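Engineer: Structure file protein02.csv (CSV, C-alpha atoms (C1' of nucleotides)) is given on the next line.
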```csv
chain,number,residue,atom,x,y,z
C,1,MET,CA,34.2,-62.9,44.6
C,2,ILE,CA,34.6,-63.8,48.3
C,3,LEU,CA,32.7,-61.5,50.6
C,4,PRO,CA,35.2,-59.2,52.5
C,5,VAL,CA,35.3,-58.7,56.2
C,6,ASP,CA,33.5,-55.4,55.9
C,7,PHE,CA,30.5,-57.1,54.4
C,8,TYR,CA,29.9,-58.7,57.9
C,9,ARG,CA,30.9,-55.6,59.9
C,10,ARG,CA,27.5,-54.0,59.5
C,11,PRO,CA,24.1,-54.0,61.2
C,12,THR,CA,23.1,-57.7,61.4
C,13,LEU,CA,19.7,-57.2,59.7
C,14,ASP,CA,21.5,-55.7,56.7
C,15,VAL,CA,23.9,-58.6,56.5
C,16,ALA,CA,21.1,-61.1,56.8
C,17,ARG,CA,19.2,-59.5,53.9
C,18,ASP,CA,22.3,-59.3,51.7
C,19,LEU,CA,23.3,-62.9,52.5
C,20,ILE,CA,20.2,-64.1,50.6
C,21,GLY,CA,21.5,-65.3,47.2
C,22,LYS,CA,25.2,-65.5,48.3
C,23,VAL,CA,26.9,-68.8,48.0
C,24,LEU,CA,28.3,-70.9,50.8
C,25,VAL,CA,31.3,-73.0,49.7
C,26,HIS,CA,33.0,-75.8,51.6
C,27,LYS,CA,36.1,-77.6,50.3
C,28,THR,CA,37.1,-80.8,52.0
C,29,ALA,CA,39.3,-83.8,51.2
C,30,HIS,CA,36.1,-85.5,49.8
C,31,GLY,CA,35.3,-82.7,47.4
C,32,VAL,CA,33.6,-79.3,47.1
C,33,THR,CA,30.0,-78.5,48.0
C,34,ALA,CA,28.2,-75.2,47.5
C,35,GLY,CA,24.7,-73.7,47.8
C,36,ALA,CA,23.0,-70.4,47.5
C,37,ILE,CA,21.6,-69.0,50.8
C,38,VAL,CA,17.7,-68.8,50.6
C,39,GLU,CA,16.9,-68.5,54.3
C,40,CYS,CA,18.7,-67.0,57.3
C,41,GLU,CA,18.0,-65.4,60.7
C,42,ALA,CA,19.5,-62.6,62.7
C,43,TYR,CA,20.5,-62.9,66.3
C,44,ILE,CA,21.4,-59.6,67.7
C,45,GLY,CA,23.1,-58.8,71.1
C,46,GLU,CA,22.6,-59.5,74.7
C,47,ASP,CA,19.2,-57.8,74.6
C,48,ASP,CA,17.9,-60.4,72.2
C,49,PRO,CA,16.5,-63.2,74.4
C,50,ALA,CA,16.9,-65.8,71.7
C,51,CYS,CA,20.6,-64.9,71.0
C,52,HIS,CA,23.2,-67.1,72.6
C,53,ALA,CA,24.7,-63.9,74.0
C,54,ALA,CA,21.6,-63.3,76.1
C,55,PRO,CA,23.2,-64.8,79.3
C,56,GLY,CA,26.4,-62.7,78.8
C,57,PRO,CA,29.8,-64.1,77.8
C,58,THR,CA,30.3,-67.8,78.2
C,59,ALA,CA,32.7,-70.4,76.9
C,60,ARG,CA,30.3,-71.5,74.1
C,61,ASN,CA,29.2,-68.1,72.8
C,62,ALA,CA,32.7,-66.5,72.8
C,63,PRO,CA,32.9,-66.4,69.0
C,64,LEU,CA,29.9,-64.1,69.0
C,65,TYR,CA,31.9,-61.5,70.9
C,66,GLY,CA,34.8,-61.8,68.5
C,67,PRO,CA,35.5,-60.1,65.2
C,68,PRO,CA,33.1,-60.4,62.3
C,69,ALA,CA,33.4,-62.7,59.3
C,70,ARG,CA,34.0,-65.8,61.3
C,71,ALA,CA,31.9,-68.9,61.6
C,72,TYR,CA,30.0,-69.7,64.9
C,73,VAL,CA,29.2,-73.4,64.9
C,74,TYR,CA,27.5,-75.2,67.7
C,75,LEU,CA,25.7,-78.4,68.5
C,76,ASN,CA,22.0,-78.4,69.1
C,77,TYR,CA,19.8,-81.1,70.5
C,78,GLY,CA,22.9,-83.3,70.7
C,79,LEU,CA,22.5,-84.1,67.0
C,80,HIS,CA,22.6,-81.1,64.7
C,81,ASP,CA,25.4,-78.7,63.9
C,82,MET,CA,24.2,-75.1,63.4
C,83,MET,CA,26.3,-72.6,61.4
C,84,ASN,CA,26.2,-68.8,61.9
C,85,ALA,CA,28.2,-66.0,60.3
C,86,VAL,CA,29.4,-63.6,63.0
C,87,THR,CA,28.5,-59.9,62.3
C,88,GLU,CA,29.1,-56.4,63.6
C,89,ASP,CA,32.2,-55.2,65.5
C,90,GLU,CA,34.2,-57.1,68.0
C,91,GLY,CA,32.5,-56.7,71.4
C,92,ARG,CA,29.0,-56.6,69.8
C,93,PRO,CA,27.7,-60.2,69.9
C,94,ALA,CA,25.6,-60.8,66.9
C,95,ALA,CA,25.3,-63.4,64.0
C,96,VAL,CA,23.3,-64.7,61.2
C,97,LEU,CA,22.1,-68.3,61.3
C,98,ILE,CA,22.2,-70.0,57.9
C,99,ARG,CA,19.0,-72.0,57.7
C,100,ALA,CA,18.6,-73.2,54.1
C,101,LEU,CA,20.5,-73.4,50.8
C,102,GLU,CA,19.7,-74.1,47.2
C,103,PRO,CA,22.2,-76.8,46.3
C,104,LEU,CA,24.5,-75.8,43.5
C,105,ASP,CA,27.7,-77.8,43.5
C,106,GLY,CA,28.7,-81.3,44.8
C,107,LEU,CA,25.2,-82.7,44.9
C,108,PRO,CA,26.3,-86.3,44.9
C,109,LEU,CA,28.6,-85.6,47.9
C,110,MET,CA,25.7,-83.9,49.7
C,111,GLN,CA,23.5,-86.9,49.0
C,112,GLN,CA,26.2,-89.2,50.4
C,113,ARG,CA,26.6,-87.2,53.6
C,114,ARG,CA,22.9,-87.0,54.2
C,115,ALA,CA,22.5,-90.7,53.6
C,116,ARG,CA,25.1,-91.4,56.2
C,117,ALA,CA,23.0,-89.9,59.0
C,118,PRO,CA,22.0,-92.7,61.4
C,119,TRP,CA,18.3,-92.0,61.0
C,120,ARG,CA,18.5,-92.1,57.2
C,121,ARG,CA,20.0,-95.6,56.9
C,122,GLY,CA,18.0,-97.7,54.5
C,123,LYS,CA,15.9,-94.8,53.5
C,124,PRO,CA,15.3,-93.5,49.9
C,125,PRO,CA,17.6,-90.7,48.7
C,126,VAL,CA,16.8,-87.2,49.8
C,127,PRO,CA,15.1,-85.1,47.1
C,128,GLU,CA,17.4,-82.4,45.7
C,129,HIS,CA,15.6,-79.5,47.1
C,130,GLU,CA,15.6,-81.0,50.6
C,131,LEU,CA,19.4,-81.7,50.7
C,132,CYS,CA,20.1,-78.3,52.5
C,133,ARG,CA,16.6,-77.6,53.8
C,134,GLY,CA,17.0,-76.6,57.5
C,135,PRO,CA,20.0,-75.6,59.5
C,136,GLY,CA,20.9,-79.1,60.7
C,137,ASN,CA,20.4,-80.6,57.3
C,138,LEU,CA,22.6,-78.1,55.5
C,139,CYS,CA,25.5,-78.5,57.9
C,140,ARG,CA,25.3,-82.3,57.3
C,141,ALA,CA,25.1,-82.0,53.6
C,142,MET,CA,28.0,-79.4,53.5
C,143,GLY,CA,30.1,-81.4,55.9
C,144,ILE,CA,30.2,-78.4,58.4
C,145,THR,CA,30.9,-79.5,62.0
C,146,LEU,CA,32.1,-78.1,65.3
C,147,SER,CA,35.6,-78.2,64.0
C,148,ASP,CA,34.7,-75.3,61.7
C,149,ASN,CA,33.8,-73.1,64.7
C,150,THR,CA,35.6,-69.7,64.7
C,151,ARG,CA,36.9,-70.2,61.1
C,152,LEU,CA,37.4,-67.2,59.0
C,153,LEU,CA,34.9,-67.0,56.1
C,154,THR,CA,37.1,-64.8,53.9
C,155,ARG,CA,39.7,-67.5,53.2
C,156,GLY,CA,40.3,-71.2,53.7
C,157,PRO,CA,38.0,-74.2,53.2
C,158,LEU,CA,34.7,-72.4,54.3
C,159,THR,CA,33.8,-69.3,52.4
C,160,ILE,CA,30.8,-67.2,51.3
C,161,HIS,CA,30.9,-65.8,47.7
C,162,ASP,CA,29.0,-63.4,45.5
C,163,ARG,CA,28.3,-65.2,42.2
C,164,GLY,CA,25.9,-62.6,41.0
C,165,ILE,CA,22.8,-64.6,42.0
C,166,SER,CA,19.8,-62.5,43.2
C,167,PHE,CA,16.3,-63.5,44.2
C,168,ASP,CA,13.2,-61.4,44.0
C,169,ASP,CA,10.5,-61.6,46.8
C,170,ILE,CA,12.7,-61.7,49.9
C,171,VAL,CA,10.3,-61.7,52.9
C,172,TRP,CA,10.8,-61.1,56.6
C,173,ASP,CA,9.1,-63.3,59.2
C,174,GLY,CA,9.4,-64.4,62.8
C,175,ARG,CA,12.3,-66.7,63.6
C,176,ILE,CA,11.6,-70.4,63.7
C,177,GLY,CA,12.1,-72.9,66.5
C,178,ILE,CA,12.7,-70.5,69.4
C,179,ARG,CA,10.6,-70.1,72.5
C,180,VAL,CA,11.3,-66.5,73.2
C,181,ALA,CA,11.2,-63.3,71.0
C,182,ALA,CA,9.8,-65.4,68.1
C,183,ASP,CA,7.7,-62.3,67.1
C,184,ARG,CA,10.7,-60.3,66.0
C,185,PRO,CA,10.7,-60.4,62.2
C,186,TRP,CA,14.3,-61.3,61.9
C,187,ARG,CA,14.1,-64.3,59.5
C,188,ALA,CA,14.8,-63.5,55.8
C,189,SER,CA,13.8,-66.0,53.1
C,190,VAL,CA,13.1,-66.3,49.4
C,191,ALA,CA,9.3,-66.4,49.1
C,192,GLY,CA,8.0,-69.7,47.7
C,193,HIS,CA,11.5,-71.3,47.4
C,194,ARG,CA,11.3,-75.1,47.7
C,195,SER,CA,14.4,-75.3,49.9
C,196,VAL,CA,13.1,-72.9,52.5
C,197,SER,CA,12.3,-74.7,55.8
C,198,GLY,CA,9.1,-74.4,57.8
C,199,ARG,CA,5.6,-74.7,56.5
C,200,ARG,CA,5.2,-75.1,52.8
C,201,SER,CA,2.2,-73.5,51.1
C,202,GLY,CA,2.3,-75.1,47.7
S,1,DC,C1',-4.0,-82.0,56.4
S,2,DG,C1',-2.5,-81.3,61.5
S,3,DT,C1',0.1,-82.1,66.1
S,4,DT,C1',3.1,-84.8,69.3
S,5,DC,C1',7.2,-86.8,70.6
S,6,DG,C1',11.8,-89.4,71.0
S,7,DA,C1',16.7,-89.3,69.8
S,8,DT,C1',20.9,-87.4,71.6
S,9,DG,C1',25.2,-84.4,73.7
S,10,DC,C1',26.7,-80.7,75.9
S,11,DA,C1',26.7,-76.0,78.0
S,12,DC,C1',25.0,-74.0,81.7
S,13,DT,C1',22.8,-73.4,86.6
K,1,DG,C1',19.6,-82.0,86.4
K,2,DT,C1',17.5,-78.9,82.7
K,3,DG,C1',16.8,-77.2,78.3
K,4,DC,C1',17.8,-76.4,73.8
K,5,DA,C1',18.2,-71.5,67.0
K,6,DT,C1',16.1,-79.7,65.0
K,7,DC,C1',14.6,-83.8,62.3
K,8,DG,C1',11.5,-87.0,60.9
K,9,DA,C1',8.3,-90.7,62.2
K,10,DA,C1',4.0,-91.7,64.2
K,11,DC,C1',-0.3,-90.8,65.0
K,12,DG,C1',-4.9,-88.1,64.9
K,13,DT,C1',-8.3,-85.3,61.9
```
What does the file become when written as structure tokens?
Structural biologist:
Amino acid sequence: MILPVDFYRRPTLDVARDLIGKVLVHKTAHGVTAGAIVECEAYIGEDDPACHAAPGPTARNAPLYGPPARAYVYLNYGLHDMMNAVTEDEGRPAAVLIRALEPLDGLPLMQQRRARAPWRRGKPPVPEHELCRGPGNLCRAMGITLSDNTRLLTRGPLTIHDRGISFDDIVWDGRIGIRVAADRPWRASVAGHRSVSGRRSG
DNA sequence: CGTTCGATGCACT
DNA sequence: GTGCATCGAACGT
């Protein structure tokens, strides 16, 4: 079942929690890839210094101000595409950053896309649980790029589904990789899952 | 085990 | 010109 628009039109922390275990699906000419979300982060409003809406409306962050259930994709560090799901009502800029997936479908295609990265040339294949570990890596493995920005997530090539997967032990931590407001516990992840980014404990 | 640092493109000031 | 919601290699314990 594809998640309806009303799934996203809710408080962003609720959406982030409920996105854990949901399945991101991308269909392209090369084939279908899919993975279960095991890590994501909430970015909520102009009062959140780490949210792209903090400076107020700009050309880049316009999708955050738009209606929910759309993708907000942007380029970071000149190298990595980042994919968010826009949440809450139009005019309330907020989104959930998808940070890691457990690969489910199209693993060979994921492998192929990861191997095509310039810095991976001539390197051994990526282990399965690392294919979609980290926001930049998952976009590369899934073939998600800037051209998917503003796309509706309720139909078309890029969708998020409920396949009845659920994880126990969902934990909240501070968001990763930001230099401001890193103390807000707005990062949801599956405890101990091998595809979750950041420090591994064993 | 840990920390540092370069690659790389574009939005924003 | 500056600074990223990163990745992974290189180096120091």
Engineer: For the point (-3.6, -81.6, 67.9) in file coordinates, what residues are within 12 Å, counting all atoms listed in the file? Give the answer as a count of residues only?
Structural biologist: 7
Engineer: What is the CA of Asp6 in chain C-CA of Arg163 in chain C distance in Å, reported with one decimal?
Structural biologist: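 So the two atoms, CA of Asp6 in chain C and CA of Arg163 in chain C, lie 17.6 Å apart.
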Engineer: Which polymer residues, protein or nucleic acid, are no farther than 10 Å from (13.0, -63.1, 46.7), counting only C-alpha atoms (C1' of nucleotides), as a list in words?
Structural biologist: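 Here is the list of nearby residues: Ile20, Gly21, Val38, Ser166, Phe167, Asp168, Asp169, Ile170, Val171, Ala188, Ser189, Val190, Ala191, Gly192 and His193 of chain C.
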Engineer: I'd like the neighbourhood of DG6 in chain S as an MDAnalysis selection string, where a residue qualifies if any of its atoms comes within 12 Å (using only C-alpha atoms (C1' of nucleotides)), though same-chain residues fewer than 4 positions away should be ignored.
Structural biologist: (chainID C and resid 77) or (chainID K and resid 7:10)
Engineer: Need the shell around Ala115 in chain C: protein/DNA/RNA residues with any atom at most 9 Å away, counting all atoms listed in the file. Skip same-chain ones fewer than 6 positions apart. Format as a list in words?
Structural biologist: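 Within the cut-off, the hits are Arg121, Gly122, Lys123, Pro124, Pro125 and Val126 of chain C.
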Engineer: With all atoms listed in the file considered, list every residue of chain C at most 10 Å from chain K, as a CSV table (one decimal) with C-alpha atoms, in the frame of the given file.
Structural biologist:
```csv
chain,number,residue,atom,x,y,z
C,41,GLU,CA,18.0,-65.4,60.7
C,42,ALA,CA,19.5,-62.6,62.7
C,43,TYR,CA,20.5,-62.9,66.3
C,50,ALA,CA,16.9,-65.8,71.7
C,51,CYS,CA,20.6,-64.9,71.0
C,52,HIS,CA,23.2,-67.1,72.6
C,75,LEU,CA,25.7,-78.4,68.5
C,76,ASN,CA,22.0,-78.4,69.1
C,77,TYR,CA,19.8,-81.1,70.5
C,78,GLY,CA,22.9,-83.3,70.7
C,79,LEU,CA,22.5,-84.1,67.0
C,80,HIS,CA,22.6,-81.1,64.7
C,81,ASP,CA,25.4,-78.7,63.9
C,82,MET,CA,24.2,-75.1,63.4
C,83,MET,CA,26.3,-72.6,61.4
C,84,ASN,CA,26.2,-68.8,61.9
C,97,LEU,CA,22.1,-68.3,61.3
C,99,ARG,CA,19.0,-72.0,57.7
C,119,TRP,CA,18.3,-92.0,61.0
C,120,ARG,CA,18.5,-92.1,57.2
C,134,GLY,CA,17.0,-76.6,57.5
C,135,PRO,CA,20.0,-75.6,59.5
C,136,GLY,CA,20.9,-79.1,60.7
C,137,ASN,CA,20.4,-80.6,57.3
C,175,ARG,CA,12.3,-66.7,63.6
C,176,ILE,CA,11.6,-70.4,63.7
C,177,GLY,CA,12.1,-72.9,66.5
C,178,ILE,CA,12.7,-70.5,69.4
C,179,ARG,CA,10.6,-70.1,72.5
```
Engineer: Could you work out which residues of chain S fall inside 9 Å of chain C? Count all atoms listed in the file, and format the result as a list in words.
Structural biologist: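 Result, ordered by chain then number: DA7, DT8, DG9, DC10, DA11 and DC12 of chain S.
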Engineer: I'd like the interatomic distance between CA of Thr87 in chain C and CA of Tyr8 in chain C, to a tenth of an Å.
Structural biologist: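 For CA of Thr87 in chain C relative to CA of Tyr8 in chain C, the distance reads 4.8 Å.
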Engineer: Between CA of Thr150 in chain C and CA of Tyr72 in chain C, measure the distance and give it in Å to one decimal.
Structural biologist: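 About the pair CA of Thr150 in chain C and CA of Tyr72 in chain C: they are 5.6 Å apart.
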Engineer: How would range 139-158 of chain C look with N, CA, C and O atoms restored, written as a short mmCIF file (atom, residue, chain, number, x, y, z; two decimals), keeping the file's coordinate frame?
Structural biologist:
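The result, written out as out_29.cif:
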```
data_model
loop_
_atom_site.label_atom_id
_atom_site.label_comp_id
_atom_site.auth_asym_id
_atom_site.auth_seq_id
_atom_site.Cartn_x
_atom_site.Cartn_y
_atom_site.Cartn_z
N CYS C 139 24.14 -78.26 57.30
CA CYS C 139 25.50 -78.50 57.90
C CYS C 139 25.91 -79.94 57.56
O CYS C 139 27.06 -80.18 57.22
N ARG C 140 24.98 -80.88 57.65
CA ARG C 140 25.30 -82.30 57.30
C ARG C 140 25.68 -82.42 55.86
O ARG C 140 26.68 -83.04 55.51
N ALA C 141 24.87 -81.83 54.99
CA ALA C 141 25.10 -82.00 53.60
C ALA C 141 26.43 -81.30 53.14
O ALA C 141 27.12 -81.79 52.26
N MET C 142 26.77 -80.19 53.81
CA MET C 142 28.00 -79.40 53.50
C MET C 142 29.21 -79.96 54.20
O MET C 142 30.32 -79.53 53.94
N GLY C 143 29.01 -80.86 55.16
CA GLY C 143 30.10 -81.40 55.90
C GLY C 143 30.66 -80.36 56.94
O GLY C 143 31.84 -80.40 57.31
N ILE C 144 29.79 -79.44 57.38
CA ILE C 144 30.20 -78.40 58.40
C ILE C 144 29.96 -78.97 59.77
O ILE C 144 28.87 -79.45 60.08
N THR C 145 31.02 -78.93 60.61
CA THR C 145 30.90 -79.50 62.00
C THR C 145 31.51 -78.50 62.96
O THR C 145 31.98 -77.42 62.60
N LEU C 146 31.50 -78.91 64.23
CA LEU C 146 32.10 -78.10 65.30
C LEU C 146 33.50 -77.68 65.02
O LEU C 146 33.96 -76.64 65.47
N SER C 147 34.21 -78.50 64.27
CA SER C 147 35.60 -78.20 64.00
C SER C 147 35.76 -76.95 63.11
O SER C 147 36.85 -76.41 62.96
N ASP C 148 34.66 -76.50 62.52
CA ASP C 148 34.70 -75.30 61.70
C ASP C 148 34.40 -74.03 62.53
O ASP C 148 34.43 -72.91 61.99
N ASN C 149 34.11 -74.22 63.83
CA ASN C 149 33.80 -73.10 64.70
C ASN C 149 34.99 -72.10 64.71
O ASN C 149 36.14 -72.52 64.73
N THR C 150 34.68 -70.82 64.64
CA THR C 150 35.60 -69.70 64.70
C THR C 150 36.43 -69.52 63.37
O THR C 150 37.28 -68.66 63.28
N ARG C 151 36.15 -70.33 62.36
CA ARG C 151 36.90 -70.20 61.10
C ARG C 151 36.61 -68.96 60.36
O ARG C 151 35.46 -68.56 60.25
N LEU C 152 37.63 -68.36 59.78
CA LEU C 152 37.40 -67.20 59.00
C LEU C 152 36.69 -67.53 57.68
O LEU C 152 37.04 -68.49 57.00
N LEU C 153 35.71 -66.71 57.34
CA LEU C 153 34.90 -67.00 56.10
C LEU C 153 35.43 -66.29 54.90
O LEU C 153 34.84 -66.39 53.83
N THR C 154 36.54 -65.58 55.03
CA THR C 154 37.10 -64.80 53.90
C THR C 154 38.23 -65.58 53.22
O THR C 154 38.74 -65.14 52.19
N ARG C 155 38.65 -66.70 53.81
CA ARG C 155 39.70 -67.50 53.20
C ARG C 155 39.60 -68.92 53.77
O ARG C 155 38.99 -69.11 54.82
N GLY C 156 40.25 -69.88 53.14
CA GLY C 156 40.30 -71.20 53.70
C GLY C 156 39.12 -72.06 53.14
O GLY C 156 38.50 -71.69 52.15
N PRO C 157 38.88 -73.18 53.79
CA PRO C 157 38.00 -74.20 53.20
C PRO C 157 36.49 -73.75 53.26
O PRO C 157 35.70 -74.27 52.49
N LEU C 158 36.14 -72.83 54.17
CA LEU C 158 34.70 -72.40 54.30
C LEU C 158 34.57 -70.95 54.00
O LEU C 158 35.07 -70.09 54.74
#
```
